[in-house]
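S.K.: My structure is in model_30.pdb, and what it holds is PDB, N, CA and C atoms:
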ATOM      1  N   MET A   1      87.959 297.681  98.557
ATOM      2  CA  MET A   1      86.525 297.794  98.757
ATOM      3  C   MET A   1      86.119 297.341 100.154
ATOM      4  N   THR A   2      86.944 296.582 100.824
ATOM      5  CA  THR A   2      86.532 296.106 102.144
ATOM      6  C   THR A   2      86.489 297.235 103.161
ATOM      7  N   LYS A   3      87.166 298.324 102.900
ATOM      8  CA  LYS A   3      87.215 299.424 103.873
ATOM      9  C   LYS A   3      86.119 300.474 103.671
ATOM     10  N   ILE A   4      85.289 300.329 102.638
ATOM     11  CA  ILE A   4      84.277 301.358 102.406
ATOM     12  C   ILE A   4      83.249 301.427 103.522
ATOM     13  N   TYR A   5      83.150 300.386 104.323
ATOM     14  CA  TYR A   5      82.189 300.388 105.421
ATOM     15  C   TYR A   5      82.827 300.785 106.746
ATOM     16  N   GLU A   6      84.105 301.148 106.720
ATOM     17  CA  GLU A   6      84.808 301.562 107.927
ATOM     18  C   GLU A   6      84.991 303.083 107.882
ATOM     19  N   GLU A   7      84.163 303.766 108.627
ATOM     20  CA  GLU A   7      84.084 305.223 108.567
ATOM     21  C   GLU A   7      85.416 305.907 108.871
ATOM     22  N   ASP A   8      86.255 305.312 109.678
ATOM     23  CA  ASP A   8      87.510 305.956 110.046
ATOM     24  C   ASP A   8      88.655 305.652 109.074
ATOM     25  N   GLN A   9      88.382 304.985 107.960
ATOM     26  CA  GLN A   9      89.425 304.580 107.029
ATOM     27  C   GLN A   9      89.632 305.548 105.858
ATOM     28  N   TYR A  10      88.773 306.528 105.704
ATOM     29  CA  TYR A  10      88.932 307.452 104.580
ATOM     30  C   TYR A  10      88.200 308.762 104.864
ATOM     31  N   ASP A  11      88.582 309.798 104.140
ATOM     32  CA  ASP A  11      87.923 311.098 104.249
ATOM     33  C   ASP A  11      86.938 311.312 103.112
ATOM     34  N   ILE A  12      87.192 310.667 101.989
ATOM     35  CA  ILE A  12      86.304 310.798 100.846
ATOM     36  C   ILE A  12      86.268 309.450 100.117
ATOM     37  N   TYR A  13      85.122 309.124  99.601
ATOM     38  CA  TYR A  13      84.961 307.881  98.850
ATOM     39  C   TYR A  13      84.416 308.253  97.480
ATOM     40  N   VAL A  14      85.201 307.991  96.438
ATOM     41  CA  VAL A  14      84.790 308.311  95.075
ATOM     42  C   VAL A  14      84.138 307.059  94.498
ATOM     43  N   MET A  15      82.909 307.225  94.053
ATOM     44  CA  MET A  15      82.163 306.086  93.536
ATOM     45  C   MET A  15      81.471 306.477  92.242
ATOM     46  N   GLY A  16      81.093 305.512  91.497
ATOM     47  CA  GLY A  16      80.324 305.751  90.287
ATOM     48  C   GLY A  16      78.939 305.166  90.456
ATOM     49  N   LEU A  17      77.945 305.957  90.216
ATOM     50  CA  LEU A  17      76.565 305.492  90.305
ATOM     51  C   LEU A  17      75.852 305.828  89.009
ATOM     52  N   THR A  18      75.025 304.931  88.576
ATOM     53  CA  THR A  18      74.245 305.181  87.376
ATOM     54  C   THR A  18      72.955 305.892  87.759
ATOM     55  N   PRO A  19      72.382 306.634  86.845
ATOM     56  CA  PRO A  19      71.138 307.350  87.151
ATOM     57  C   PRO A  19      70.025 306.395  87.573
ATOM     58  N   ASN A  20      69.214 306.855  88.470
ATOM     59  CA  ASN A  20      68.084 306.066  88.947
ATOM     60  C   ASN A  20      66.829 306.914  88.804
ATOM     61  N   PRO A  21      65.842 306.449  88.052
ATOM     62  CA  PRO A  21      64.647 307.271  87.839
ATOM     63  C   PRO A  21      63.778 307.417  89.083
ATOM     64  N   GLU A  22      64.000 306.598  90.105
ATOM     65  CA  GLU A  22      63.228 306.700  91.344
ATOM     66  C   GLU A  22      64.096 307.412  92.374
ATOM     67  N   PRO A  23      63.820 308.670  92.672
ATOM     68  CA  PRO A  23      64.741 309.491  93.463
ATOM     69  C   PRO A  23      65.014 308.997  94.877
ATOM     70  N   SER A  24      64.131 308.207  95.438
ATOM     71  CA  SER A  24      64.388 307.759  96.810
ATOM     72  C   SER A  24      65.204 306.469  96.858
ATOM     73  N   ALA A  25      65.595 305.940  95.702
ATOM     74  CA  ALA A  25      66.297 304.660  95.654
ATOM     75  C   ALA A  25      67.797 304.785  95.440
ATOM     76  N   VAL A  26      68.344 305.973  95.504
ATOM     77  CA  VAL A  26      69.792 306.099  95.314
ATOM     78  C   VAL A  26      70.524 305.441  96.483
ATOM     79  N   ARG A  27      71.654 304.822  96.191
ATOM     80  CA  ARG A  27      72.345 304.008  97.200
ATOM     81  C   ARG A  27      72.838 304.812  98.388
ATOM     82  N   TYR A  28      73.249 306.057  98.188
ATOM     83  CA  TYR A  28      73.802 306.802  99.310
ATOM     84  C   TYR A  28      72.736 307.293 100.289
ATOM     85  N   PHE A  29      71.479 306.971 100.047
ATOM     86  CA  PHE A  29      70.424 307.251 101.036
ATOM     87  C   PHE A  29      70.266 306.098 102.028
ATOM     88  N   THR A  30      71.040 305.040 101.866
ATOM     89  CA  THR A  30      70.904 303.886 102.757
ATOM     90  C   THR A  30      71.989 303.902 103.829
ATOM     91  N   ARG A  31      71.652 303.354 104.972
ATOM     92  CA  ARG A  31      72.590 303.314 106.100
ATOM     93  C   ARG A  31      73.754 302.367 105.866
ATOM     94  N   ASP A  32      73.564 301.353 105.032
ATOM     95  CA  ASP A  32      74.586 300.330 104.880
ATOM     96  C   ASP A  32      75.496 300.551 103.671
ATOM     97  N   TYR A  33      75.494 301.753 103.114
ATOM     98  CA  TYR A  33      76.385 302.051 102.002
ATOM     99  C   TYR A  33      77.381 303.111 102.440
ATOM    100  N   ALA A  34      78.550 303.117 101.820
ATOM    101  CA  ALA A  34      79.581 304.090 102.172
ATOM    102  C   ALA A  34      79.010 305.500 102.143
ATOM    103  N   GLY A  35      79.389 306.285 103.097
ATOM    104  CA  GLY A  35      78.865 307.630 103.245
ATOM    105  C   GLY A  35      78.118 307.754 104.562
ATOM    106  N   PHE A  36      77.617 306.628 105.034
ATOM    107  CA  PHE A  36      77.026 306.551 106.362
ATOM    108  C   PHE A  36      75.897 307.549 106.569
ATOM    109  N   THR A  37      74.939 307.533 105.652
ATOM    110  CA  THR A  37      73.757 308.374 105.783
ATOM    111  C   THR A  37      72.854 307.739 106.832
ATOM    112  N   ASP A  38      73.002 308.197 108.051
ATOM    113  CA  ASP A  38      72.266 307.652 109.190
ATOM    114  C   ASP A  38      71.400 308.786 109.746
ATOM    115  N   SER A  39      70.200 308.918 109.210
ATOM    116  CA  SER A  39      69.350 310.050 109.560
ATOM    117  C   SER A  39      67.907 309.609 109.766
ATOM    118  N   GLU A  40      67.411 309.779 110.970
ATOM    119  CA  GLU A  40      66.003 309.480 111.238
ATOM    120  C   GLU A  40      65.102 310.402 110.408
ATOM    121  N   GLU A  41      65.545 311.647 110.229
ATOM    122  CA  GLU A  41      64.773 312.599 109.426
ATOM    123  C   GLU A  41      64.639 312.092 107.986
ATOM    124  N   LEU A  42      65.741 311.619 107.402
ATOM    125  CA  LEU A  42      65.691 311.083 106.047
ATOM    126  C   LEU A  42      64.794 309.851 105.990
ATOM    127  N   ASP A  43      64.904 308.982 106.976
ATOM    128  CA  ASP A  43      64.050 307.788 106.999
ATOM    129  C   ASP A  43      62.575 308.169 106.933
ATOM    130  N   GLU A  44      62.189 309.172 107.680
ATOM    131  CA  GLU A  44      60.783 309.607 107.695
ATOM    132  C   GLU A  44      60.390 310.238 106.359
ATOM    133  N   ILE A  45      61.274 311.060 105.795
ATOM    134  CA  ILE A  45      61.002 311.680 104.486
ATOM    135  C   ILE A  45      60.805 310.597 103.426
ATOM    136  N   LEU A  46      61.696 309.603 103.397
ATOM    137  CA  LEU A  46      61.595 308.533 102.408
ATOM    138  C   LEU A  46      60.348 307.686 102.631
ATOM    139  N   ARG A  47      60.024 307.400 103.882
ATOM    140  CA  ARG A  47      58.825 306.616 104.187
ATOM    141  C   ARG A  47      57.576 307.337 103.672
ATOM    142  N   THR A  48      57.495 308.631 103.894
ATOM    143  CA  THR A  48      56.356 309.421 103.433
ATOM    144  C   THR A  48      56.321 309.480 101.902
ATOM    145  N   PHE A  49      57.476 309.758 101.286
ATOM    146  CA  PHE A  49      57.574 309.848  99.830
ATOM    147  C   PHE A  49      57.140 308.539  99.182
ATOM    148  N   ARG A  50      57.664 307.432  99.679
ATOM    149  CA  ARG A  50      57.379 306.122  99.089
ATOM    150  C   ARG A  50      55.942 305.666  99.324
ATOM    151  N   GLY A  51      55.284 306.265 100.291
ATOM    152  CA  GLY A  51      53.908 305.882 100.590
ATOM    153  C   GLY A  51      52.874 306.543  99.705
ATOM    154  N   LYS A  52      53.289 307.455  98.845
ATOM    155  CA  LYS A  52      52.362 308.148  97.964
ATOM    156  C   LYS A  52      52.070 307.298  96.733
ATOM    157  N   PRO A  53      50.860 307.406  96.187
ATOM    158  CA  PRO A  53      50.462 306.538  95.071
ATOM    159  C   PRO A  53      51.104 306.890  93.726
ATOM    160  N   ASN A  54      51.558 308.132  93.573
ATOM    161  CA  ASN A  54      52.167 308.523  92.307
ATOM    162  C   ASN A  54      53.050 309.749  92.528
ATOM    163  N   LEU A  55      53.804 310.116  91.506
ATOM    164  CA  LEU A  55      54.742 311.230  91.634
ATOM    165  C   LEU A  55      54.028 312.553  91.886
ATOM    166  N   GLU A  56      52.887 312.723  91.276
ATOM    167  CA  GLU A  56      52.130 313.964  91.491
ATOM    168  C   GLU A  56      51.775 314.131  92.970
ATOM    169  N   ALA A  57      51.334 313.057  93.588
ATOM    170  CA  ALA A  57      50.975 313.110  95.011
ATOM    171  C   ALA A  57      52.214 313.264  95.894
ATOM    172  N   ALA A  58      53.365 312.797  95.404
ATOM    173  CA  ALA A  58      54.595 312.838  96.197
ATOM    174  C   ALA A  58      55.424 314.090  95.943
ATOM    175  N   TYR A  59      54.953 314.982  95.075
ATOM    176  CA  TYR A  59      55.767 316.126  94.678
ATOM    177  C   TYR A  59      56.213 316.966  95.873
ATOM    178  N   GLU A  60      55.326 317.261  96.790
ATOM    179  CA  GLU A  60      55.685 318.066  97.971
ATOM    180  C   GLU A  60      56.746 317.343  98.807
ATOM    181  N   ASP A  61      56.609 316.029  98.926
ATOM    182  CA  ASP A  61      57.598 315.247  99.674
ATOM    183  C   ASP A  61      58.940 315.225  98.943
ATOM    184  N   TYR A  62      58.897 315.229  97.617
ATOM    185  CA  TYR A  62      60.131 315.293  96.833
ATOM    186  C   TYR A  62      60.857 316.615  97.096
ATOM    187  N   GLU A  63      60.103 317.683  97.189
ATOM    188  CA  GLU A  63      60.699 318.989  97.509
ATOM    189  C   GLU A  63      61.363 318.953  98.892
ATOM    190  N   ILE A  64      60.733 318.293  99.838
ATOM    191  CA  ILE A  64      61.302 318.151 101.188
ATOM    192  C   ILE A  64      62.579 317.313 101.117
ATOM    193  N   LEU A  65      62.562 316.253 100.306
ATOM    194  CA  LEU A  65      63.745 315.422 100.124
ATOM    195  C   LEU A  65      64.889 316.237  99.526
ATOM    196  N   GLN A  66      64.588 317.071  98.547
ATOM    197  CA  GLN A  66      65.609 317.927  97.940
ATOM    198  C   GLN A  66      66.204 318.890  98.970
ATOM    199  N   GLU A  67      65.363 319.461  99.799
ATOM    200  CA  GLU A  67      65.844 320.385 100.839
ATOM    201  C   GLU A  67      66.755 319.650 101.816
ATOM    202  N   TRP A  68      66.334 318.440 102.232
ATOM    203  CA  TRP A  68      67.174 317.651 103.137
ATOM    204  C   TRP A  68      68.524 317.367 102.477
ATOM    205  N   TYR A  69      68.496 316.983 101.187
ATOM    206  CA  TYR A  69      69.724 316.667 100.466
ATOM    207  C   TYR A  69      70.700 317.840 100.497
ATOM    208  N   TRP A  70      70.229 319.042 100.217
ATOM    209  CA  TRP A  70      71.102 320.202 100.167
ATOM    210  C   TRP A  70      71.627 320.580 101.546
ATOM    211  N   ASP A  71      70.875 320.285 102.592
ATOM    212  CA  ASP A  71      71.359 320.561 103.952
ATOM    213  C   ASP A  71      72.395 319.529 104.393
ATOM    214  N   PHE A  72      72.154 318.247 104.105
ATOM    215  CA  PHE A  72      73.026 317.159 104.559
ATOM    216  C   PHE A  72      74.164 316.887 103.583
ATOM    217  N   MET A  73      73.888 316.972 102.280
ATOM    218  CA  MET A  73      74.829 316.749 101.183
ATOM    219  C   MET A  73      75.537 315.390 101.289
ATOM    220  N   PRO A  74      74.803 314.281 101.098
ATOM    221  CA  PRO A  74      75.410 312.957 101.206
ATOM    222  C   PRO A  74      76.332 312.592 100.042
ATOM    223  N   ALA A  75      76.202 313.281  98.909
ATOM    224  CA  ALA A  75      77.034 312.980  97.744
ATOM    225  C   ALA A  75      77.159 314.234  96.890
ATOM    226  N   VAL A  76      78.261 314.300  96.157
ATOM    227  CA  VAL A  76      78.501 315.427  95.256
ATOM    228  C   VAL A  76      78.889 314.863  93.896
ATOM    229  N   ARG A  77      78.237 315.330  92.875
ATOM    230  CA  ARG A  77      78.563 314.900  91.510
ATOM    231  C   ARG A  77      79.786 315.673  91.045
ATOM    232  N   ILE A  78      80.828 314.943  90.675
ATOM    233  CA  ILE A  78      82.058 315.612  90.256
ATOM    234  C   ILE A  78      82.348 315.443  88.770
ATOM    235  N   GLY A  79      81.522 314.694  88.085
ATOM    236  CA  GLY A  79      81.771 314.524  86.661
ATOM    237  C   GLY A  79      80.861 313.497  86.044
ATOM    238  N   ASP A  80      81.105 313.235  84.793
ATOM    239  CA  ASP A  80      80.330 312.275  84.029
ATOM    240  C   ASP A  80      81.258 311.188  83.509
ATOM    241  N   TYR A  81      80.676 310.055  83.234
ATOM    242  CA  TYR A  81      81.399 308.946  82.631
ATOM    243  C   TYR A  81      80.731 308.652  81.297
ATOM    244  N   ASP A  82      81.528 308.482  80.294
ATOM    245  CA  ASP A  82      80.983 308.134  78.996
ATOM    246  C   ASP A  82      82.006 307.281  78.263
ATOM    247  N   ALA A  83      81.559 306.607  77.281
ATOM    248  CA  ALA A  83      82.456 305.772  76.481
ATOM    249  C   ALA A  83      81.932 305.728  75.053
ATOM    250  N   ILE A  84      82.813 305.468  74.146
ATOM    251  CA  ILE A  84      82.427 305.298  72.749
ATOM    252  C   ILE A  84      82.471 303.808  72.448
ATOM    253  N   VAL A  85      81.383 303.306  71.934
ATOM    254  CA  VAL A  85      81.288 301.891  71.596
ATOM    255  C   VAL A  85      80.915 301.804  70.125
ATOM    256  N   SER A  86      81.624 300.958  69.415
ATOM    257  CA  SER A  86      81.283 300.782  68.000
ATOM    258  C   SER A  86      81.354 299.304  67.643
ATOM    259  N   VAL A  87      80.551 298.945  66.681
ATOM    260  CA  VAL A  87      80.532 297.579  66.170
ATOM    261  C   VAL A  87      80.387 297.657  64.655
ATOM    262  N   ARG A  88      80.965 296.720  63.988
ATOM    263  CA  ARG A  88      80.840 296.680  62.529
ATOM    264  C   ARG A  88      79.394 296.402  62.141
ATOM    265  N   SER A  89      79.042 296.799  60.959
ATOM    266  CA  SER A  89      77.664 296.633  60.490
ATOM    267  C   SER A  89      77.272 295.167  60.319
ATOM    268  N   ASN A  90      78.258 294.266  60.199
ATOM    269  CA  ASN A  90      77.925 292.858  60.047
ATOM    270  C   ASN A  90      77.851 292.117  61.396
ATOM    271  N   VAL A  91      78.042 292.826  62.510
ATOM    272  CA  VAL A  91      77.858 292.240  63.843
ATOM    273  C   VAL A  91      76.406 292.476  64.230
ATOM    274  N   LYS A  92      75.698 291.412  64.510
ATOM    275  CA  LYS A  92      74.258 291.501  64.795
ATOM    276  C   LYS A  92      73.967 291.016  66.214
ATOM    277  N   GLY A  93      72.957 291.591  66.809
ATOM    278  CA  GLY A  93      72.498 291.165  68.125
ATOM    279  C   GLY A  93      73.219 291.803  69.295
ATOM    280  N   TYR A  94      74.195 292.667  69.024
ATOM    281  CA  TYR A  94      74.947 293.291  70.105
ATOM    282  C   TYR A  94      74.108 294.371  70.795
ATOM    283  N   GLU A  95      74.135 294.371  72.114
ATOM    284  CA  GLU A  95      73.441 295.394  72.907
ATOM    285  C   GLU A  95      74.338 295.812  74.052
ATOM    286  N   GLU A  96      74.048 296.968  74.599
ATOM    287  CA  GLU A  96      74.674 297.372  75.845
ATOM    288  C   GLU A  96      73.607 297.286  76.925
ATOM    289  N   GLN A  97      73.977 296.734  78.049
ATOM    290  CA  GLN A  97      73.027 296.582  79.142
ATOM    291  C   GLN A  97      72.757 297.941  79.765
ATOM    292  N   ASN A  98      71.507 298.380  79.708
ATOM    293  CA  ASN A  98      71.071 299.636  80.326
ATOM    294  C   ASN A  98      71.874 300.848  79.878
ATOM    295  N   LYS A  99      72.508 300.763  78.750
ATOM    296  CA  LYS A  99      73.330 301.866  78.236
ATOM    297  C   LYS A  99      74.404 302.277  79.249
ATOM    298  N   GLN A 100      74.844 301.342  80.060
ATOM    299  CA  GLN A 100      75.882 301.617  81.056
ATOM    300  C   GLN A 100      77.228 301.082  80.592
ATOM    301  N   HIS A 101      77.348 300.831  79.318
ATOM    302  CA  HIS A 101      78.593 300.363  78.712
ATOM    303  C   HIS A 101      79.015 299.019  79.273
ATOM    304  N   ARG A 102      78.022 298.174  79.504
ATOM    305  CA  ARG A 102      78.286 296.800  79.910
ATOM    306  C   ARG A 102      77.815 295.916  78.764
ATOM    307  N   PRO A 103      78.734 295.445  77.960
ATOM    308  CA  PRO A 103      78.323 294.688  76.774
ATOM    309  C   PRO A 103      77.698 293.344  77.131
ATOM    310  N   ILE A 104      76.745 292.949  76.305
ATOM    311  CA  ILE A 104      76.133 291.634  76.404
ATOM    312  C   ILE A 104      76.518 290.898  75.127
ATOM    313  N   TYR A 105      77.189 289.768  75.277
ATOM    314  CA  TYR A 105      77.705 289.067  74.107
ATOM    315  C   TYR A 105      76.896 287.844  73.711
ATOM    316  N   TRP A 106      75.938 287.407  74.505
ATOM    317  CA  TRP A 106      75.163 286.254  74.064
ATOM    318  C   TRP A 106      74.188 286.701  72.977
ATOM    319  N   ASN A 107      73.878 285.787  72.121
ATOM    320  CA  ASN A 107      73.030 286.063  70.954
ATOM    321  C   ASN A 107      73.652 287.091  70.019
ATOM    322  N   VAL A 108      74.954 287.125  69.953
ATOM    323  CA  VAL A 108      75.683 288.008  69.039
ATOM    324  C   VAL A 108      76.314 287.134  67.956
ATOM    325  N   TRP A 109      76.215 287.586  66.697
ATOM    326  CA  TRP A 109      76.795 286.816  65.611
ATOM    327  C   TRP A 109      77.339 287.762  64.547
ATOM    328  N   VAL A 110      78.148 287.209  63.698
ATOM    329  CA  VAL A 110      78.725 287.965  62.584
ATOM    330  C   VAL A 110      78.126 287.403  61.301
ATOM    331  N   GLU A 111      77.515 288.267  60.537
ATOM    332  CA  GLU A 111      76.987 287.851  59.235
ATOM    333  C   GLU A 111      78.113 287.847  58.226
ATOM    334  N   GLU A 112      78.160 286.792  57.446
ATOM    335  CA  GLU A 112      79.205 286.667  56.410
ATOM    336  C   GLU A 112      78.820 287.469  55.183
TER     337      GLU A 112
END
Please express what this file holds, its structure, as structure tokens.
M.R.:
Amino acid sequence: MTKIYEEDQYDIYVMGLTPNPEPSAVRYFTRDYAGFTDSEELDEILRTFRGKPNLEAAYEDYEILQEWYWDFMPAVRIGDYDAIVSVRSNVKGYEEQNKQHRPIYWNVWVEE
């Protein structure tokens, strides 16, 4: 992981990202994340998009962001990640954090 910030150390970086409901907050839109998205044009698009009071007002800017994405292509989705999780019916309090298959074990108990 120490080499992900060294642009000359790899040709492709495979990463896993969870969905983000706020389209301008994806990690590969930042300059300090692997992929090196260093674009003044993107900075301006994001600044304008984020300055709108709601999604309806930002819709035109979202379309511009989508166009920029397809021209620059900072990331490509190559697949999905999923897992099967099961617990016995007598295990209580078990949850998955954000449905990202990260178990939370505190406040979990087994009913006798």
S.K.: Using only C-alpha atoms, which of the listed residues (A:Asp82, A:Glu111, A:Glu6, A:Glu22) sits closest to Arg50 of chain A?
M.R.: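 Looking at the shortest contact to Arg50 of chain A, the residue is A:Glu22.
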S.K.: Counting only C-alpha atoms, figure out which residue out of A:Tyr62, A:Tyr33, A:Tyr69, A:Tyr10 gets nearest to Arg47 of chain A.
M.R.: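 Smallest separation from Arg47 of chain A among the options: A:Tyr62.
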S.K.: Taking the DSSP assignment computed from this structure's backbone, write out as a ChimeraX atom specification all residues of chain A that belong to helix (DSSP H, G or I).
M.R.: /A:2-5,7-9,23-25,27-29,40-50,55-72,97-99
S.K.: Using DSSP secondary structure from the backbone, list all strand (DSSP E or B) positions within segment 39-98 of chain A, as a PyMOL selection string.
M.R.: chain A and resi 91-92+95-96
S.K.: Skip Tyr105 of chain A itself and residues of its chain fewer than 5 positions away, then list as JSON, numbers by chain all residues within 7 Å of it, counting all atoms listed in the file.
M.R.: {"A": [93, 94, 95]}
S.K.: Using atom N of Val14 of chain A and atom CA of Leu65 of chain A as the two end points, give the distance in Å to one decimal.
M.R.: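 Interatomic distance here is 23.0 Å.
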S.K.: Please measure the separation of atom N of Ala57 of chain A and atom N of Pro23 of chain A, giving the value in Å to one decimal.
M.R.: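 Between atom N of Ala57 of chain A and atom N of Pro23 of chain A the gap works out to 13.3 Å.
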S.K.: Which value, in Å to one decimal, gives the distance between atom CA of Ile12 of chain A and atom CA of Gln66 of chain A?
M.R.: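 For atom CA of Ile12 of chain A relative to atom CA of Gln66 of chain A, the distance reads 22.1 Å.
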S.K.: I want to know what sits within 12 Å of Ile78 of chain A, based on only C-alpha atoms, with residues of the same chain fewer than 3 positions away left out; could you give that as a ChimeraX atom specification?
M.R.: /A:13-17,75,81
S.K.: Got a sec to resolve the PyMOL selection byres (((chain A and resi 41 and name CA) around 12) and name CA) on this structure and send the residues as number ranges by chain?
M.R.: A: 29, 37-40, 42-48, 64-65, 67-69, 71-72
S.K.: Is it possible to dump segment 7-84 of chain A as a PDB file, in the first residue's frame, including just C-alpha atoms?
M.R.:
ATOM      1  CA  GLU A   7       2.741   7.127  -9.953  1.00  0.00           C
ATOM      2  CA  ASP A   8       5.714   5.376 -11.553  1.00  0.00           C
ATOM      3  CA  GLN A   9       5.313   2.180  -9.481  1.00  0.00           C
ATOM      4  CA  TYR A  10       2.345   0.610 -11.274  1.00  0.00           C
ATOM      5  CA  ASP A  11       0.253   0.680 -14.442  1.00  0.00           C
ATOM      6  CA  ILE A  12      -3.038  -0.225 -12.815  1.00  0.00           C
ATOM      7  CA  TYR A  13      -4.305  -0.093  -9.255  1.00  0.00           C
ATOM      8  CA  VAL A  14      -7.169  -2.430  -8.360  1.00  0.00           C
ATOM      9  CA  MET A  15      -9.173  -1.125  -5.444  1.00  0.00           C
ATOM     10  CA  GLY A  16     -12.486  -1.759  -3.810  1.00  0.00           C
ATOM     11  CA  LEU A  17     -14.794   1.137  -3.118  1.00  0.00           C
ATOM     12  CA  THR A  18     -18.203   1.068  -1.556  1.00  0.00           C
ATOM     13  CA  PRO A  19     -21.072   2.993  -3.128  1.00  0.00           C
ATOM     14  CA  ASN A  20     -21.357   6.626  -2.167  1.00  0.00           C
ATOM     15  CA  PRO A  21     -24.727   8.364  -2.500  1.00  0.00           C
ATOM     16  CA  GLU A  22     -23.022  11.754  -2.980  1.00  0.00           C
ATOM     17  CA  PRO A  23     -21.519  11.588  -6.485  1.00  0.00           C
ATOM     18  CA  SER A  24     -18.851  14.222  -5.957  1.00  0.00           C
ATOM     19  CA  ALA A  25     -17.395  12.447  -2.906  1.00  0.00           C
ATOM     20  CA  VAL A  26     -15.871   9.389  -4.557  1.00  0.00           C
ATOM     21  CA  ARG A  27     -12.234   8.934  -3.553  1.00  0.00           C
ATOM     22  CA  TYR A  28     -10.774   8.806  -7.050  1.00  0.00           C
ATOM     23  CA  PHE A  29     -11.893  12.410  -7.644  1.00  0.00           C
ATOM     24  CA  THR A  30      -9.273  13.590  -5.143  1.00  0.00           C
ATOM     25  CA  ARG A  31      -5.690  14.522  -5.944  1.00  0.00           C
ATOM     26  CA  ASP A  32      -4.259  12.625  -2.988  1.00  0.00           C
ATOM     27  CA  TYR A  33      -5.672   9.196  -3.840  1.00  0.00           C
ATOM     28  CA  ALA A  34      -4.187   6.610  -6.188  1.00  0.00           C
ATOM     29  CA  GLY A  35      -5.086   7.368  -9.767  1.00  0.00           C
ATOM     30  CA  PHE A  36      -3.747  10.896  -9.591  1.00  0.00           C
ATOM     31  CA  THR A  37      -6.850  12.762 -10.700  1.00  0.00           C
ATOM     32  CA  ASP A  38      -5.208  16.163 -10.998  1.00  0.00           C
ATOM     33  CA  SER A  39      -7.620  18.293 -13.007  1.00  0.00           C
ATOM     34  CA  GLU A  40      -8.413  21.978 -12.636  1.00  0.00           C
ATOM     35  CA  GLU A  41     -11.495  21.340 -14.786  1.00  0.00           C
ATOM     36  CA  LEU A  42     -12.738  18.688 -12.340  1.00  0.00           C
ATOM     37  CA  ASP A  43     -12.031  20.977  -9.387  1.00  0.00           C
ATOM     38  CA  GLU A  44     -14.249  23.658 -10.924  1.00  0.00           C
ATOM     39  CA  ILE A  45     -17.020  21.169 -11.801  1.00  0.00           C
ATOM     40  CA  LEU A  46     -17.027  19.810  -8.233  1.00  0.00           C
ATOM     41  CA  ARG A  47     -16.932  23.301  -6.709  1.00  0.00           C
ATOM     42  CA  THR A  48     -19.971  24.319  -8.773  1.00  0.00           C
ATOM     43  CA  PHE A  49     -21.825  21.039  -8.101  1.00  0.00           C
ATOM     44  CA  ARG A  50     -21.219  21.209  -4.349  1.00  0.00           C
ATOM     45  CA  GLY A  51     -22.324  24.831  -4.212  1.00  0.00           C
ATOM     46  CA  LYS A  52     -25.887  24.026  -5.251  1.00  0.00           C
ATOM     47  CA  PRO A  53     -28.567  23.835  -2.541  1.00  0.00           C
ATOM     48  CA  ASN A  54     -30.049  20.514  -3.665  1.00  0.00           C
ATOM     49  CA  LEU A  55     -29.769  17.772  -6.276  1.00  0.00           C
ATOM     50  CA  GLU A  56     -32.453  19.299  -8.463  1.00  0.00           C
ATOM     51  CA  ALA A  57     -30.473  22.535  -8.716  1.00  0.00           C
ATOM     52  CA  ALA A  58     -27.244  20.583  -9.302  1.00  0.00           C
ATOM     53  CA  TYR A  59     -28.641  18.289 -11.999  1.00  0.00           C
ATOM     54  CA  GLU A  60     -27.063  20.195 -14.913  1.00  0.00           C
ATOM     55  CA  ASP A  61     -23.719  20.205 -13.090  1.00  0.00           C
ATOM     56  CA  TYR A  62     -24.077  16.465 -12.479  1.00  0.00           C
ATOM     57  CA  GLU A  63     -24.480  15.976 -16.226  1.00  0.00           C
ATOM     58  CA  ILE A  64     -21.269  17.978 -16.761  1.00  0.00           C
ATOM     59  CA  LEU A  65     -19.529  15.808 -14.151  1.00  0.00           C
ATOM     60  CA  GLN A  66     -20.682  12.668 -15.976  1.00  0.00           C
ATOM     61  CA  GLU A  67     -19.347  14.014 -19.279  1.00  0.00           C
ATOM     62  CA  TRP A  68     -15.993  14.835 -17.665  1.00  0.00           C
ATOM     63  CA  TYR A  69     -15.879  11.327 -16.153  1.00  0.00           C
ATOM     64  CA  TRP A  70     -16.382   9.622 -19.518  1.00  0.00           C
ATOM     65  CA  ASP A  71     -13.720  11.795 -21.164  1.00  0.00           C
ATOM     66  CA  PHE A  72     -11.097  11.371 -18.397  1.00  0.00           C
ATOM     67  CA  MET A  73     -12.140   7.903 -17.091  1.00  0.00           C
ATOM     68  CA  PRO A  74     -10.486   7.980 -13.631  1.00  0.00           C
ATOM     69  CA  ALA A  75     -11.849   4.535 -12.679  1.00  0.00           C
ATOM     70  CA  VAL A  76     -13.446   1.511 -14.299  1.00  0.00           C
ATOM     71  CA  ARG A  77     -15.821  -0.857 -12.549  1.00  0.00           C
ATOM     72  CA  ILE A  78     -14.688  -4.403 -13.213  1.00  0.00           C
ATOM     73  CA  GLY A  79     -16.995  -6.335 -10.947  1.00  0.00           C
ATOM     74  CA  ASP A  80     -18.987  -6.624  -7.784  1.00  0.00           C
ATOM     75  CA  TYR A  81     -18.159  -7.885  -4.333  1.00  0.00           C
ATOM     76  CA  ASP A  82     -20.668  -9.782  -2.297  1.00  0.00           C
ATOM     77  CA  ALA A  83     -20.676 -12.191   0.579  1.00  0.00           C
ATOM     78  CA  ILE A  84     -23.117 -14.488   2.287  1.00  0.00           C
TER      79      ILE A  84
END
